[in-house]
>>> print(open('input07.pdb').read())   # PDB, C-alpha atoms
ATOM      1  CA  LEU A  16      14.544  96.925 213.203
ATOM      2  CA  PHE A  17      16.539  93.707 213.657
ATOM      3  CA  PRO A  18      15.377  91.577 216.613
ATOM      4  CA  TRP A  19      18.704  89.706 216.553
ATOM      5  CA  PHE A  20      20.342  92.807 218.027
ATOM      6  CA  PHE A  21      17.786  93.088 220.835
ATOM      7  CA  SER A  22      18.139  92.149 224.479
ATOM      8  CA  TRP A  23      16.463  93.545 227.585
ATOM      9  CA  THR A  24      19.918  93.933 229.095
ATOM     10  CA  GLY A  25      20.807  96.154 226.148
ATOM     11  CA  VAL A  26      17.685  98.256 226.749
ATOM     12  CA  ALA A  27      18.634  98.572 230.424
ATOM     13  CA  ALA A  28      22.129  99.649 229.369
ATOM     14  CA  ALA A  29      20.576 102.298 227.082
ATOM     15  CA  VAL A  30      18.365 103.682 229.862
ATOM     16  CA  LEU A  31      21.199 103.740 232.399
ATOM     17  CA  GLY A  32      23.552 105.184 229.791
ATOM     18  CA  HIS A  33      21.077 107.925 228.926
ATOM     19  CA  TYR A  34      21.115 109.028 232.555
ATOM     20  CA  LEU A  35      24.896 108.776 232.950
ATOM     21  CA  VAL A  36      25.852 110.298 229.609
ATOM     22  CA  GLY A  37      22.896 112.595 228.956
ATOM     23  CA  THR A  38      21.934 113.844 232.399
ATOM     24  CA  LEU A  39      25.281 113.704 234.188
ATOM     25  CA  GLY A  40      27.640 114.082 231.222
ATOM     26  CA  ILE A  41      25.838 116.742 229.186
ATOM     27  CA  GLY A  42      23.362 118.300 231.611
ATOM     28  CA  VAL A  43      25.580 118.452 234.679
ATOM     29  CA  GLY A  44      29.071 118.239 233.158
ATOM     30  CA  TYR A  45      29.169 120.079 229.838
ATOM     31  CA  HIS A  46      26.318 122.472 230.623
ATOM     32  CA  ARG A  47      26.046 123.391 234.296
ATOM     33  CA  LEU A  48      29.655 122.830 235.316
ATOM     34  CA  LEU A  49      31.856 123.612 232.313
ATOM     35  CA  THR A  50      29.728 126.157 230.434
ATOM     36  CA  HIS A  51      28.150 128.108 233.286
ATOM     37  CA  ARG A  52      30.439 127.195 236.189
ATOM     38  CA  GLY A  53      27.227 126.777 238.181
ATOM     39  CA  PHE A  54      28.938 124.837 240.948
ATOM     40  CA  ALA A  55      32.394 123.824 242.125
ATOM     41  CA  CYS A  56      33.710 120.300 242.590
ATOM     42  CA  PRO A  57      37.077 118.510 242.795
ATOM     43  CA  LYS A  58      38.993 118.488 239.513
ATOM     44  CA  TRP A  59      38.860 114.677 239.286
ATOM     45  CA  LEU A  60      35.044 114.779 239.485
ATOM     46  CA  GLU A  61      34.913 117.509 236.845
ATOM     47  CA  HIS A  62      36.953 115.267 234.558
ATOM     48  CA  VAL A  63      34.589 112.340 235.238
ATOM     49  CA  PHE A  64      31.590 114.481 234.237
ATOM     50  CA  ALA A  65      33.458 115.688 231.141
ATOM     51  CA  THR A  66      34.367 112.117 230.160
ATOM     52  CA  LEU A  67      30.720 111.081 230.450
ATOM     53  CA  GLY A  68      29.897 114.041 228.201
ATOM     54  CA  VAL A  69      32.471 112.886 225.654
ATOM     55  CA  LEU A  70      30.646 109.539 225.465
ATOM     56  CA  SER A  71      27.581 111.383 224.126
ATOM     57  CA  LEU A  72      29.434 112.000 220.837
ATOM     58  CA  GLN A  73      28.464 115.681 220.924
ATOM     59  CA  ASP A  74      31.956 117.027 220.283
ATOM     60  CA  SER A  75      34.817 117.793 222.623
ATOM     61  CA  PRO A  76      34.145 119.612 225.900
ATOM     62  CA  ALA A  77      35.963 122.744 224.679
ATOM     63  CA  ARG A  78      34.024 123.092 221.433
ATOM     64  CA  TRP A  79      30.646 122.184 223.009
ATOM     65  CA  VAL A  80      31.153 124.753 225.755
ATOM     66  CA  ALA A  81      32.374 127.444 223.329
ATOM     67  CA  ILE A  82      29.348 127.039 221.074
ATOM     68  CA  HIS A  83      26.963 127.064 224.030
ATOM     69  CA  ARG A  84      28.525 130.241 225.382
ATOM     70  CA  VAL A  85      28.026 131.835 221.945
ATOM     71  CA  HIS A  86      24.396 130.681 222.127
ATOM     72  CA  HIS A  87      23.851 132.524 225.403
ATOM     73  CA  GLN A  88      25.699 135.617 224.230
ATOM     74  CA  HIS A  89      23.658 135.921 221.024
ATOM     75  CA  SER A  90      20.466 133.996 221.788
ATOM     76  CA  GLU A  91      18.164 134.028 218.754
ATOM     77  CA  ARG A  92      20.244 136.573 216.860
ATOM     78  CA  GLN A  93      22.359 136.152 213.734
ATOM     79  CA  PRO A  94      25.619 134.978 215.385
ATOM     80  CA  GLU A  95      23.865 132.175 217.298
ATOM     81  CA  PRO A  96      24.857 128.823 215.762
ATOM     82  CA  HIS A  97      21.454 127.124 216.146
ATOM     83  CA  SER A  98      18.868 129.887 216.175
ATOM     84  CA  PRO A  99      15.285 128.562 216.062
ATOM     85  CA  LEU A 100      14.325 131.710 214.145
ATOM     86  CA  VAL A 101      15.785 130.079 210.999
ATOM     87  CA  ASN A 102      13.443 127.081 211.258
ATOM     88  CA  PHE A 103      12.832 124.043 213.440
ATOM     89  CA  LEU A 104      15.008 121.682 211.403
ATOM     90  CA  TRP A 105      17.952 124.083 211.458
ATOM     91  CA  SER A 106      17.847 124.581 215.233
ATOM     92  CA  HIS A 107      17.393 120.868 215.870
ATOM     93  CA  VAL A 108      20.045 119.342 213.645
ATOM     94  CA  GLY A 109      20.692 121.397 210.491
ATOM     95  CA  TRP A 110      23.321 123.611 212.112
ATOM     96  CA  LEU A 111      25.406 120.499 212.826
ATOM     97  CA  VAL A 112      25.531 119.528 209.156
ATOM     98  CA  TYR A 113      26.778 122.956 208.070
ATOM     99  CA  VAL A 114      30.503 123.452 208.755
ATOM    100  CA  ASN A 115      31.068 126.855 210.329
ATOM    101  CA  ARG A 116      34.792 127.508 209.906
ATOM    102  CA  ASP A 117      34.679 130.243 212.559
ATOM    103  CA  HIS A 118      34.082 127.554 215.182
ATOM    104  CA  TYR A 119      37.289 125.692 214.381
ATOM    105  CA  ASN A 120      39.959 128.373 214.679
ATOM    106  CA  VAL A 121      42.235 129.061 217.622
ATOM    107  CA  LYS A 122      40.866 132.562 218.262
ATOM    108  CA  PHE A 123      37.378 131.119 218.759
ATOM    109  CA  TYR A 124      38.650 128.775 221.468
ATOM    110  CA  GLN A 125      40.789 131.458 223.083
ATOM    111  CA  ARG A 126      37.845 133.839 223.295
ATOM    112  CA  TYR A 127      35.181 131.476 224.623
ATOM    113  CA  VAL A 128      36.978 128.715 226.540
ATOM    114  CA  PRO A 129      40.260 130.096 227.952
ATOM    115  CA  ASP A 130      39.429 128.394 231.267
ATOM    116  CA  LEU A 131      39.288 124.944 229.655
ATOM    117  CA  LEU A 132      42.424 125.542 227.582
ATOM    118  CA  ARG A 133      44.420 125.970 230.788
ATOM    119  CA  ASP A 134      43.665 122.352 231.730
ATOM    120  CA  PRO A 135      45.899 119.719 230.036
ATOM    121  CA  PHE A 136      43.052 117.198 230.294
ATOM    122  CA  TYR A 137      40.930 119.126 227.777
ATOM    123  CA  ILE A 138      43.905 119.819 225.528
ATOM    124  CA  ARG A 139      44.545 116.055 225.279
ATOM    125  CA  LEU A 140      40.936 115.471 224.251
ATOM    126  CA  GLU A 141      41.308 118.054 221.470
ATOM    127  CA  ARG A 142      44.566 116.711 220.033
ATOM    128  CA  GLY A 143      43.962 114.225 217.265
ATOM    129  CA  ASN A 144      40.249 114.237 218.112
ATOM    130  CA  PHE A 145      40.924 111.921 221.041
ATOM    131  CA  TRP A 146      37.423 112.713 222.333
ATOM    132  CA  PHE A 147      36.062 110.842 219.275
ATOM    133  CA  THR A 148      38.504 107.962 219.770
ATOM    134  CA  SER A 149      37.268 107.730 223.367
ATOM    135  CA  TYR A 150      33.728 107.183 222.100
ATOM    136  CA  ILE A 151      34.864 104.390 219.745
ATOM    137  CA  ILE A 152      36.796 102.744 222.578
ATOM    138  CA  SER A 153      33.683 102.851 224.770
ATOM    139  CA  CYS A 154      31.646 101.070 222.068
ATOM    140  CA  VAL A 155      34.282  98.338 221.834
ATOM    141  CA  VAL A 156      34.219  97.983 225.627
ATOM    142  CA  TYR A 157      30.421  97.637 225.518
ATOM    143  CA  PHE A 158      30.726  94.824 222.988
ATOM    144  CA  PHE A 159      33.384  92.876 224.831
ATOM    145  CA  ALA A 160      31.616  93.303 228.172
ATOM    146  CA  GLY A 161      28.489  91.820 226.610
ATOM    147  CA  PHE A 162      30.492  89.142 224.820
ATOM    148  CA  GLY A 163      32.186  88.131 228.078
ATOM    149  CA  ALA A 164      28.894  88.020 229.958
ATOM    150  CA  GLY A 165      27.330  86.008 227.148
ATOM    151  CA  TRP A 166      30.228  83.562 227.174
ATOM    152  CA  LEU A 167      29.871  83.042 230.915
ATOM    153  CA  MET A 168      26.121  82.465 230.583
ATOM    154  CA  THR A 169      26.082  80.238 227.503
ATOM    155  CA  GLY A 170      29.598  79.219 226.561
ATOM    156  CA  GLY A 171      28.583  79.497 222.907
ATOM    157  CA  LEU A 172      30.309  81.755 220.384
ATOM    158  CA  ALA A 173      27.224  82.771 218.399
ATOM    159  CA  ALA A 174      25.170  83.552 221.511
ATOM    160  CA  SER A 175      28.062  85.523 223.004
ATOM    161  CA  VAL A 176      28.490  87.591 219.828
ATOM    162  CA  GLN A 177      24.732  88.231 219.708
ATOM    163  CA  PHE A 178      24.633  89.360 223.328
ATOM    164  CA  GLY A 179      27.729  91.535 222.883
ATOM    165  CA  LEU A 180      26.227  93.222 219.824
ATOM    166  CA  SER A 181      22.919  93.803 221.624
ATOM    167  CA  ILE A 182      24.759  95.578 224.441
ATOM    168  CA  MET A 183      26.750  97.672 221.965
ATOM    169  CA  VAL A 184      23.804  98.539 219.685
ATOM    170  CA  TRP A 185      21.441  99.512 222.494
ATOM    171  CA  GLY A 186      23.859 100.611 225.203
ATOM    172  CA  CYS A 187      25.965 102.679 222.804
ATOM    173  CA  PHE A 188      24.251 103.493 219.488
ATOM    174  CA  VAL A 189      20.584 103.748 220.543
ATOM    175  CA  ARG A 190      21.578 105.608 223.700
ATOM    176  CA  THR A 191      23.639 108.036 221.622
ATOM    177  CA  LEU A 192      20.639 108.810 219.403
ATOM    178  CA  THR A 193      18.279 109.392 222.340
ATOM    179  CA  VAL A 194      20.771 111.703 224.068
ATOM    180  CA  TRP A 195      21.343 113.586 220.806
ATOM    181  CA  HIS A 196      17.650 114.319 220.341
ATOM    182  CA  ALA A 197      17.165 115.226 223.994
ATOM    183  CA  THR A 198      19.972 117.786 223.731
ATOM    184  CA  TRP A 199      18.895 119.108 220.338
ATOM    185  CA  SER A 200      15.333 119.549 221.617
ATOM    186  CA  VAL A 201      16.610 122.213 224.007
ATOM    187  CA  ASN A 202      17.749 124.210 220.969
ATOM    188  CA  SER A 203      14.565 123.642 218.964
ATOM    189  CA  LEU A 204      11.451 122.563 220.883
ATOM    190  CA  ALA A 205      12.265 124.548 224.028
ATOM    191  CA  HIS A 206      12.415 127.770 221.998
ATOM    192  CA  LEU A 207       9.278 127.125 219.953
ATOM    193  CA  PHE A 208       6.744 125.398 222.226
ATOM    194  CA  GLY A 209       5.689 125.644 225.856
ATOM    195  CA  TYR A 210       4.732 128.333 228.315
ATOM    196  CA  ARG A 211       6.557 131.497 229.395
ATOM    197  CA  ARG A 212       6.320 132.573 233.018
ATOM    198  CA  TYR A 213       8.564 135.618 232.522
ATOM    199  CA  GLU A 214       9.079 137.985 229.641
ATOM    200  CA  THR A 215      12.655 137.680 228.367
ATOM    201  CA  LYS A 216      14.492 139.005 225.331
ATOM    202  CA  ASP A 217      14.476 135.576 223.707
ATOM    203  CA  ASN A 218      11.808 132.927 223.057
ATOM    204  CA  SER A 219      13.056 130.305 225.518
ATOM    205  CA  ARG A 220      10.178 128.368 227.059
ATOM    206  CA  ASN A 221       9.353 125.767 229.679
TER     207      ASN A 221
END
>>> encode(input="input07.pdb", output="structure tokens")
Amino acid sequence: LFPWFFSWTGVAAAVLGHYLVGTLGIGVGYHRLLTHRGFACPKWLEHVFATLGVLSLQDSPARWVAIHRVHHQHSERQPEPHSPLVNFLWSHVGWLVYVNRDHYNVKFYQRYVPDLLRDPFYIRLERGNFWFTSYIISCVVYFFAGFGAGWLMTGGLAASVQFGLSIMVWGCFVRTLTVWHATWSVNSLAHLFGYRRYETKDNSRN
């Protein structure tokens, strides 16, 4: 909406960030690796994937994984947090606005993510909502990286601030929104539209 915040470098940062944070962080890290344990990798690489997932601002690894495991256990039934049988808006984003207290107690974590709770790395992300602080830090890093690059290119304060903000707005905020909707679409669109090659007990679609 505001051309002053635009730069093609910022757009490139958004596209690259969508791949790193959305595809690798959420798709590979949170989903395939942490939720389903679909493959094995060194612990340091697991933590890299999880950190990329944290930068999506979709909650901590432990809570994201716990809720997704509930989703698979009760797909399209009452206990599922984001059932598309309620309506499209609920499955896409409405369930995030409603605070489900059952998803914040210790027993919930102990039941659905005991594997993650054994790792001090994930405990640190939970304490004091450090996963959220990590996202804020990343946005600040985006700004100062852009500011520094702008200063080297122009040497002017205003131009450097503008370039730094363009990197932060597009590389962080716009990218966050696109990754959000891509993830939420799996809960909503992918259960309401598309074709079904196999008959399953739920309405998941391709």
>>> closest_atom_pairs(input="input07.pdb", of="region 26-104 of chain A", to="region 152-176 of chain A", cutoff="12 Å", atoms="only C-alpha atoms", output="Markdown table")
| residue | atom | partner | partner_atom | distance |
| --- | --- | --- | --- | --- |
| A:Ala28 | CA | A:Tyr157 | CA | 9.4 |
| A:Ala29 | CA | A:Tyr157 | CA | 11.0 |
| A:Gly32 | CA | A:Tyr157 | CA | 11.1 |
| A:Val36 | CA | A:Ser153 | CA | 11.8 |
| A:Thr66 | CA | A:Ser153 | CA | 10.7 |
| A:Leu67 | CA | A:Ser153 | CA | 10.4 |
| A:Val69 | CA | A:Ser153 | CA | 10.1 |
| A:Leu70 | CA | A:Ser153 | CA | 7.4 |
| A:Ser71 | CA | A:Ser153 | CA | 10.5 |
| A:Leu72 | CA | A:Ser153 | CA | 10.8 |
>>> resolve_selection(input="input07.pdb", expression="the PyMOL selection byres ((chain A and resi 118-121) around 12)", output="ChimeraX atom specification")
/A:74-75,77-85,94-96,110-111,113-117,122-129,132,141
>>> atom_distance(input="input07.pdb", atom1="CA of Thr198 (chain A)", atom2="CA of Glu214 (chain A)")
23.7 Å
>>> atom_distance(input="input07.pdb", atom1="CA of Thr191 (chain A)", atom2="CA of His46 (chain A)")
17.2 Å
>>> residues_around(input="input07.pdb", residues="Tyr210 (chain A)", least_positions_apart="2", cutoff="8 Å", atoms="all atoms listed in the file", output="list in words")
Phe208, Arg212, Arg220 and Asn221 of chain A
>>> write_last_selection(input="input07.pdb", atoms="C-alpha atoms", output="JSON list (two decimals), in the frame of the given file")
[["chain", "number", "residue", "atom", "x", "y", "z"],
["A", 208, "PHE", "CA", 6.74, 125.40, 222.23],
["A", 212, "ARG", "CA", 6.32, 132.57, 233.02],
["A", 220, "ARG", "CA", 10.18, 128.37, 227.06],
["A", 221, "ASN", "CA", 9.35, 125.77, 229.68]]
>>> residues_around(input="input07.pdb", residues="Asn102 (chain A)", least_positions_apart="5", cutoff="10 Å", atoms="all atoms listed in the file", output="mmCIF file with C-alpha atoms, in the frame of the given file")
data_model
loop_
_atom_site.group_PDB
_atom_site.id
_atom_site.type_symbol
_atom_site.label_atom_id
_atom_site.label_comp_id
_atom_site.auth_asym_id
_atom_site.auth_seq_id
_atom_site.Cartn_x
_atom_site.Cartn_y
_atom_site.Cartn_z
ATOM 1 C CA HIS A 97 21.454 127.124 216.146
ATOM 2 C CA HIS A 107 17.393 120.868 215.870
ATOM 3 C CA GLY A 109 20.692 121.397 210.491
ATOM 4 C CA SER A 203 14.565 123.642 218.964
ATOM 5 C CA LEU A 207 9.278 127.125 219.953
#
>>> atom_distance(input="input07.pdb", atom1="CA of Ala55 (chain A)", atom2="CA of Ile41 (chain A)")
16.1 Å
>>> closest_residue(input="input07.pdb", among="A:His62, A:Ile151, A:Gln73, A:Leu35", to="Trp195 (chain A)", atoms="only C-alpha atoms")
A:Gln73
>>> closest_residue(input="input07.pdb", among="A:Gln88, A:Ser200, A:Asn144, A:Thr193", to="Leu104 (chain A)", atoms="only C-alpha atoms")
A:Ser200
>>> closest_residue(input="input07.pdb", among="A:Leu100, A:Leu131, A:Leu60, A:Val112", to="Ser219 (chain A)", atoms="all atoms listed in the file")
A:Leu100
>>> resolve_selection(input="input07.pdb", expression="the PyMOL selection byres ((chain A and resi 17-26) around 8)", output="ChimeraX atom specification")
/A:16,27-30,177-178,180-186
>>> write_last_selection(input="input07.pdb", atoms="C-alpha atoms", output="PDB file, keeping the file's coordinate frame")
ATOM      1  CA  LEU A  16      14.544  96.925 213.203  1.00  0.00           C
ATOM      2  CA  ALA A  27      18.634  98.572 230.424  1.00  0.00           C
ATOM      3  CA  ALA A  28      22.129  99.649 229.369  1.00  0.00           C
ATOM      4  CA  ALA A  29      20.576 102.298 227.082  1.00  0.00           C
ATOM      5  CA  VAL A  30      18.365 103.682 229.862  1.00  0.00           C
ATOM      6  CA  GLN A 177      24.732  88.231 219.708  1.00  0.00           C
ATOM      7  CA  PHE A 178      24.633  89.360 223.328  1.00  0.00           C
ATOM      8  CA  LEU A 180      26.227  93.222 219.824  1.00  0.00           C
ATOM      9  CA  SER A 181      22.919  93.803 221.624  1.00  0.00           C
ATOM     10  CA  ILE A 182      24.759  95.578 224.441  1.00  0.00           C
ATOM     11  CA  MET A 183      26.750  97.672 221.965  1.00  0.00           C
ATOM     12  CA  VAL A 184      23.804  98.539 219.685  1.00  0.00           C
ATOM     13  CA  TRP A 185      21.441  99.512 222.494  1.00  0.00           C
ATOM     14  CA  GLY A 186      23.859 100.611 225.203  1.00  0.00           C
TER      15      GLY A 186
END
